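Read through the structure below, which is laid out as structure tokens, and then see the notes.
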Protein chains: 4
Amino acid sequence: MNPATSQPLTKLVLLISPKGKRYLLRVQPGHQWSTNLGRIAHDNILQKPAGSIVYTHLGSPFLLLEPTLSDIIEMISRRTQIIFPKDAAQIVFQLSLAPGSRVIEAGSGSGGMTTALAWFVRPTGMVYSYEVQAEHQQKARKNIANIGLEPYVTFHNRDISRGLLETNVDAVFLDLRSPWRYLEAVKVALRPGGRLAILLPTTNQVSAALRRLYQLSFADLQVQEILLRRYKPIPDRLRPADRMIGHTGYIIFARNMTADTSDWYPAAVRRYLSRRRLATQEAARRGEVYTDENDDAILREDEE
Amino acid sequence: MNPATSQPLTKLVLLISPKGKRYLLRVQPGHQWSTNLGRIAHDNILQKPAGSIVYTHLGSPFLLLEPTLSDIIEMISRRTQIIFPKDAAQIVFQLSLAPGSRVIEAGSGSGGMTTALAWFVRPTGMVYSYEVQAEHQQKARKNIANIGLEPYVTFHNRDISRGLLETNVDAVFLDLRSPWRYLEAVKVALRPGGRLAILLPTTNQVSAALRRLYQLSFADLQVQEILLRRYKPIPDRLRPADRMIGHTGYIIFARNMTADTSDWYPAAVRRYLSRRRLATQEAARRGEVYTDENDDAILREDEE
Amino acid sequence: MNPATSQPLTKLVLLISPKGKRYLLRVQPGHQWSTNLGRIAHDNILQKPAGSIVYTHLGSPFLLLEPTLSDIIEMISRRTQIIFPKDAAQIVFQLSLAPGSRVIEAGSGSGGMTTALAWFVRPTGMVYSYEVQAEHQQKARKNIANIGLEPYVTFHNRDISRGLLETNVDAVFLDLRSPWRYLEAVKVALRPGGRLAILLPTTNQVSAALRRLYQLSFADLQVQEILLRRYKPIPDRLRPADRMIGHTGYIIFARNMTADTSDWYPAAVRRYLSRRRLATQEAARRGEVYTDENDDAILREDEE
Amino acid sequence: MNPATSQPLTKLVLLISPKGKRYLLRVQPGHQWSTNLGRIAHDNILQKPAGSIVYTHLGSPFLLLEPTLSDIIEMISRRTQIIFPKDAAQIVFQLSLAPGSRVIEAGSGSGGMTTALAWFVRPTGMVYSYEVQAEHQQKARKNIANIGLEPYVTFHNRDISRGLLETNVDAVFLDLRSPWRYLEAVKVALRPGGRLAILLPTTNQVSAALRRLYQLSFADLQVQEILLRRYKPIPDRLRPADRMIGHTGYIIFARNMTADTSDWYPAAVRRYLSRRRLATQEAARRGEVYTDENDDAILREDEE
């Protein structure tokens with residue numbers, strides 16, 4: 001797909017109709033593409049360079065382009081809306097991925113984020129993609145193969161509550177319902193100083209994940225939200241689009257530390273952690289075990 | 001900086017104070033770092049792994065981390081605010097940069113965006129960075145060398161109105177005051193289907209650039225704005241930060257086409273282009289030359 | 001509608017289905033309301049207090065409420081999207097409307113903004129609503145009568161380029177395509193210190209309007225945009241709605257001054273005004289008249 | 001302040017320096033205003049009409065204007081940031097306040113929101129403003145008297161957990177730390193169909209308040225956030241301001257119902273309410289009392 005890359009990817013093309021509809025196509029000799037505007041033989045497309053126009057047998061024109069990374073992710077995610085390019089971009093950037101990086105992802109979803117991760121760790125890095133549901137991962141596998149990124153992805157059909165198989169990875173990305181349950185396993189897999197990103201749709205999940213990250217001495221915690229505002233590209237009537245995506249998710253970023261980093265935490269968090277320590281000790285004295293469920297009482301103390 | 005990369009970068013470290021202040025340091029044996037919280041010998045830092053804590057001679061602790069790409073860009077841009085990581089991430093993503101990509105940048109600025117581009121075209125790609133002011137470029141050169149990315153950047157101290165020296169590049173990024181003046185040169189340098197990104201602070205500049213892009217048959221024009229909303233990472237008092245960056249810039253994305261793509265343009269743009277064509281012909285009949293300045297009269301016709 | 005108000009308004013009710021669909025109904029004895037969930041006699045509704053539930057003959061329940069001002073505006077504007085409650089609220093507030101205020105509006109639209117203005121100038125103020133298209137105004141008139149606000153609105157079916165009929169009004173609101181053409185008339189109608197609001201969808205219109213406001217010595221110019229973000233009201237899955245309105249319009253606020261206020265203008269604006277003054281004098285010397293169209297050349301000088 | 005209002009308010013003026021600094025002044029004969037740009041006798045100000053310019057004894061000019069409602073609220077709230085005009089506008093609008101409305105507010109704060117409420121219920125309505133801290137309320141009282149709105153405000157120095165003194169009010173506005181504790185009292189005070197607004201800074205508070213509102217059969221729950229984006233008013237360099245207010249608060253709106261409205265609630269909320277009902281019955285069978293603290297266990301069931 002990118003001619004300058006040493007490993008040539010599968011031939012994917014992007015076709016854009018005059019009305020602006022976008023089609024991502026995997027082109028193969030002898031095949032044919034049918035649309036309600038007419039048919040185009042794949043061989044016709046293969047003969048034309050990117051940047052030109054192709055026509056259906058009824059004469060309807062389509063712009064012929066290589067899909068960008070963003071186009072690919074949008075197409076993959078279209079059915080499941082698992083990841084948006086704006087978020088994938090920010091995550092790749094903040095995780096500081098680079099050629100050679102080793103990164104864990106859970107879950108695989110349809111492979112949208114897997115694509116972004118694999119794209120940037122090429123040609124010497126690796127994405128380890130975990131997914132508990134076999135059928136889900138099958139779809140991700142197929143998407144990654146279609147794009148030609150399979151040399152850079154190792155799929156694990158595995159419940160990560162049983163632990164992660166890699167250690168000393170540079171980064172971890174979690175897109176799970178209850179990520180706080182897996183953060184101890186993440187800490188084991190991440191190298192010291194390694195980076196973590198968690199994508200979460202609700203504020204309640206963000207609160208729960210933050211609590212666990214503080215308990216486990218993660219540092220440099222950041223909660224971010226990326227909003228993309230599109231404008232109608234009309235020079236003399238420039239204005240934002242009427243509708244926009246109102247929310248995709250909150251992103252938490254954190255760094256794995258080997259030391260106790262509570263001095264770097266906000267005062268309210270330090271108060272919570274010390275109350276929790278006390279409660280754990282008291283529970284032990286009574287022969288009980290302190291669990292996360294007990295946190296609610298502790299948190300309420302701070303409300304007054 | 002990234003241990004997994006074949007070319008080891010210069011040893012840069014990020015230090016974070018308990019108050020959250022961030023320092024980017026280039027560590028060299030025998031040197032010493034002084035802060036109002038005390039001194040730290042660089043050798044002490046070199047002995048410690050990322051993810052640990054280092055102490056000044058007065059006992060003040062600092063988190064020791066590798067800087068992320070985002071940290072580096074923020075530090076480089078701090079003085080000039082030339083580029084923000086949120087925008088750099090979106091641009092890299094939408095330009096679909098990958099290992100091996102060849103990309104032109106103008107101007108170099110302090111090297112903030114150069115860093116992002118070079119980071120992702122490694123290990124086989126190249127950034128061609130143009131800047132008319134020699135002193136400016138000197139700073140960018142130094143920053144890039146400090147980060148260890150100089151193998152992936154070719155600097156040109158040159159006015160791009162004299163033309164670009166490369167051809168068939170995959171992508172172009174413009175961060176200039178009047179980018180519309182250089183779009184013909186850009187079209188020559190870009191390969192068919194190649195991608196263009198333009199960063200502009202004002203709406204008036206966006207309008208002017210769009211007009212020229214349409215005249216030159218660029219396609220798939222998109223105008224975007226990225227807003228980053230930060231949250232205070234306190235689990236039980238989760239809320240956005242009180243202040244946020246209100247604006248950095250608008251980003252235009254476009255694709256280089258070899259054919260006439262006006263059928264893909266909005267109706268208002270097509271009307272403008274056809275009025276312009278007529279006016280150009282009439283001017284020629286009168287032995288005059290139609291210039292962009294004449295556009296204003298043409299545009300006004302559509303207002304009624 | 002508001003029981004505490006001296007002038008009782010027409011009986012309007014709001015019905016909400018279990019699926020959240022909202023219906024604004026004007027209730028009259030003997031009438032009947034039909035929906036695909038069944039029928040309800042208006043008399044049944046009239047017997048029930050707000051805050052209760054009414055049932056169709058098929059047993060489907062509806063919440064019975066008085067419509068708020070915001071509900072009314074949304075219903076009126078539904079067909080034309082002429083004004084959004086979020087913008088109407090900000091405009092009323094920034095215009096500092098109060099019982100007794102005299103305010104001019106142009107154009108009337110469907111009466112959505114007329115409603116908001118009339119609502120807050122009661123019981124002793126007056127809205128003067130101009131509209132050039134008779135059919136448009138007819139609809140606004142009907143809407144205002146249905147709501148019961150007609151004592152507070154004077155309609156003028158008149159082109160305001162012929163001048164405004166009132167003087168010394170407290171505030172003016174413009175919702176027109178080319179408001180800059182009417183600002184001289186506005187200045188005559190507004191009392192000294194009086195407040196002006198202009199709603200405009202595009203950035204190009206904002207630029208054009210600002211230019212004229214500066215020429216006419218308006219002061220305290222503000223350009224604002226109001227964004228409303230809605231959240232799904234689920235306590236344990238709190239998150240913003242998936243979609244949001246991306247843009248309704250930019251709002252310019254300004255104050256009418258009797259003195260030259262150019263000292264209060266941004267430096268770039270002062271430069272523009274002085275170049276314009278010079279050009280006007282030169283034109284006069286040549287026996288020509290300087291028009292707004294000549295501004296383009298002047299503006300371009302600042303670009304270098 | 002508003003000449004058209006029957007009750008003339010105290011003479012407040014707004015002065016704006018050429019640098020854009022804004023001063024709100026209560027003008028009294030014989031007094032003098034001192035600034036580092038010189039002095040102005042109040043009598044000079046009293047002789048000049050709004051819309052003109054006044055000068056200090058050193059010749060520095062100031063724009064002379066009547067303050068708008070928004071100016072007044074900003075000045076009152078400056079020290080405490082208790083309410084922002086953008087939020088006050090939306091609240092007044094969504095509460096559908098009108099001349100004659102009776103509205104309860106708790107707490108009084110510095111009187112910023114009291115001002116907005118009193119402004120719009122004039123001339124025949126009343127604001128009942130509760131505040132437990134006497135000193136706080138003293139400040140609000142003074143601010144309201146300075147503005148001249150005291151005929152429309154009844155202050156209660158009272159803890160509202162002891163109940164509200166009014167009944168059948170049209171609307172209630174809560175700006176308190178733990179508003180969920182007072183919602184039963186609110187329900188008693190509000191007339192059927194009456195409107196409630198709650199302003200809250202954190203997402204955790206929003207969740208807690210929503211839970212209680214659903215338990216008490218409030219309906220038409222809406223959670224909103226208002227973002228104000230300001231633009232630099234320069235016609236040829238139009239762009240948003242560099243910085244913006246990132247967050248002031250979330251606003252919950254709800255309507256008081258006399259019937260059980262759970263059919264109108266989201267499915268997740270209905271599940272929570274029915275689990276809660278069951279748990280309450282079980283607790284009663286065991287001779288225990290179910291409290292809000294027990295909710296945490298119930299909520300966790302839905303997580304799986």
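Numbering starts fresh at 1 for the residues of each chain in the structure tokens, the chains themselves are lettered A, B, ... in the order given, and ligands are numbered from 1 as they appear.
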For this session: Taking the chain letters and numbering used in this document, name the residues of segment 5-144 of chain A that DSSP puts in helix (DSSP H, G or I), as an MDAnalysis selection string.
Result: chainID A and resid 42:47 69:77 85:94 112:121 134:144
Exercise. Skipping near chain neighbours, those fewer than 3 positions away, what residues fall within 6 Å of segment 59-66 of chain D using only C-alpha atoms, listed as a ChimeraX atom specification?
Worked result: /C:193 /D:13-17,50-56
Go ahead and save the picked residues with N, CA and C atoms, as an mmCIF file, in the first residue's frame.
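again-v3.cif, freshly written:
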```cif
data_model
loop_
_atom_site.group_PDB
_atom_site.id
_atom_site.type_symbol
_atom_site.label_atom_id
_atom_site.label_comp_id
_atom_site.auth_asym_id
_atom_site.auth_seq_id
_atom_site.Cartn_x
_atom_site.Cartn_y
_atom_site.Cartn_z
ATOM 1 N N GLY C 193 -25.272 53.296 23.930
ATOM 2 C CA GLY C 193 -24.995 52.212 24.866
ATOM 3 C C GLY C 193 -25.838 50.974 24.602
ATOM 4 N N VAL D 13 -22.379 51.510 36.667
ATOM 5 C CA VAL D 13 -21.822 51.743 35.334
ATOM 6 C C VAL D 13 -20.680 50.769 35.078
ATOM 7 N N LEU D 14 -20.445 50.546 33.804
ATOM 8 C CA LEU D 14 -19.330 49.715 33.369
ATOM 9 C C LEU D 14 -18.339 50.628 32.652
ATOM 10 N N LEU D 15 -17.081 50.589 33.061
ATOM 11 C CA LEU D 15 -16.026 51.356 32.399
ATOM 12 C C LEU D 15 -15.057 50.376 31.749
ATOM 13 N N ILE D 16 -14.685 50.645 30.498
ATOM 14 C CA ILE D 16 -13.741 49.759 29.804
ATOM 15 C C ILE D 16 -12.524 50.563 29.360
ATOM 16 N N SER D 17 -11.347 50.109 29.774
ATOM 17 C CA SER D 17 -10.106 50.795 29.400
ATOM 18 C C SER D 17 -9.727 50.419 27.971
ATOM 19 N N ALA D 50 -24.645 56.899 28.699
ATOM 20 C CA ALA D 50 -24.038 55.637 28.258
ATOM 21 C C ALA D 50 -23.686 55.762 26.784
ATOM 22 N N GLY D 51 -22.651 55.069 26.361
ATOM 23 C CA GLY D 51 -22.250 55.123 24.967
ATOM 24 C C GLY D 51 -21.211 56.193 24.688
ATOM 25 N N SER D 52 -20.864 56.975 25.706
ATOM 26 C CA SER D 52 -19.857 58.014 25.494
ATOM 27 C C SER D 52 -18.538 57.635 26.159
ATOM 28 N N ILE D 53 -17.595 58.548 26.152
ATOM 29 C CA ILE D 53 -16.261 58.292 26.707
ATOM 30 C C ILE D 53 -16.019 59.258 27.863
ATOM 31 N N VAL D 54 -15.468 58.749 28.960
ATOM 32 C CA VAL D 54 -15.068 59.631 30.070
ATOM 33 C C VAL D 54 -13.551 59.572 30.218
ATOM 34 N N TYR D 55 -12.989 60.655 30.762
ATOM 35 C CA TYR D 55 -11.537 60.748 30.862
ATOM 36 C C TYR D 55 -11.095 60.909 32.317
ATOM 37 N N THR D 56 -9.953 60.318 32.668
ATOM 38 C CA THR D 56 -9.372 60.554 33.986
ATOM 39 C C THR D 56 -8.700 61.931 33.977
#
```
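Of the listed residues (B:Arg181, B:Lys86, B:Arg243, B:Arg286), B:Lys86 comes nearest to chain A; the distances count only C-alpha atoms.
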Polymer residues at most 6 Å from segment 138-153 of chain C, only C-alpha atoms, same-chain spacing of 2 or more positions, as an mmCIF file with C-alpha atoms, in the first residue's frame:
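Below you can see selection-v3.cif, which holds the result:
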```cif
data_model
loop_
_atom_site.group_PDB
_atom_site.id
_atom_site.type_symbol
_atom_site.label_atom_id
_atom_site.label_comp_id
_atom_site.auth_asym_id
_atom_site.auth_seq_id
_atom_site.Cartn_x
_atom_site.Cartn_y
_atom_site.Cartn_z
ATOM 1 C CA LEU C 9 -51.157 32.360 27.996
ATOM 2 C CA THR C 10 -52.906 29.931 25.718
ATOM 3 C CA SER C 110 -40.878 31.384 12.162
ATOM 4 C CA GLY C 111 -41.070 33.311 15.398
ATOM 5 C CA ALA C 118 -41.214 38.575 23.937
ATOM 6 C CA MET C 126 -42.160 45.339 23.269
ATOM 7 C CA VAL C 127 -40.542 43.366 20.447
ATOM 8 C CA TYR C 128 -40.531 45.002 16.990
ATOM 9 C CA GLU C 135 -45.618 34.555 4.113
ATOM 10 C CA HIS C 136 -42.752 34.030 6.521
#
```
Exercise. Looking at only C-alpha atoms, which of B:Ile83, B:Ile245, B:Leu117, B:Ala209 is the one that sits closest to chain D?
Worked result: B:Ile245
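Taking atom CA of Gln205 of chain C and atom CA of Thr202 of chain B as endpoints, the distance between them is 14.3 Å.
Picture a line from atom CA of Pro201 of chain B to atom CA of Glu74 of chain A; it runs 27.3 Å.
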For this session: as a PyMOL selection string, list the residues of segment 198-287 of chain B assigned to strand (DSSP E or B) by DSSP on the backbone atoms of this structure.
Result: chain B and resi 198-200+219-232+239-240+243-245+250-255
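Among C:Ile252, C:Met244, C:Met257, C:Leu238, the residue with the shortest atom-to-atom distance to chain B, counting only C-alpha atoms, is C:Leu238.
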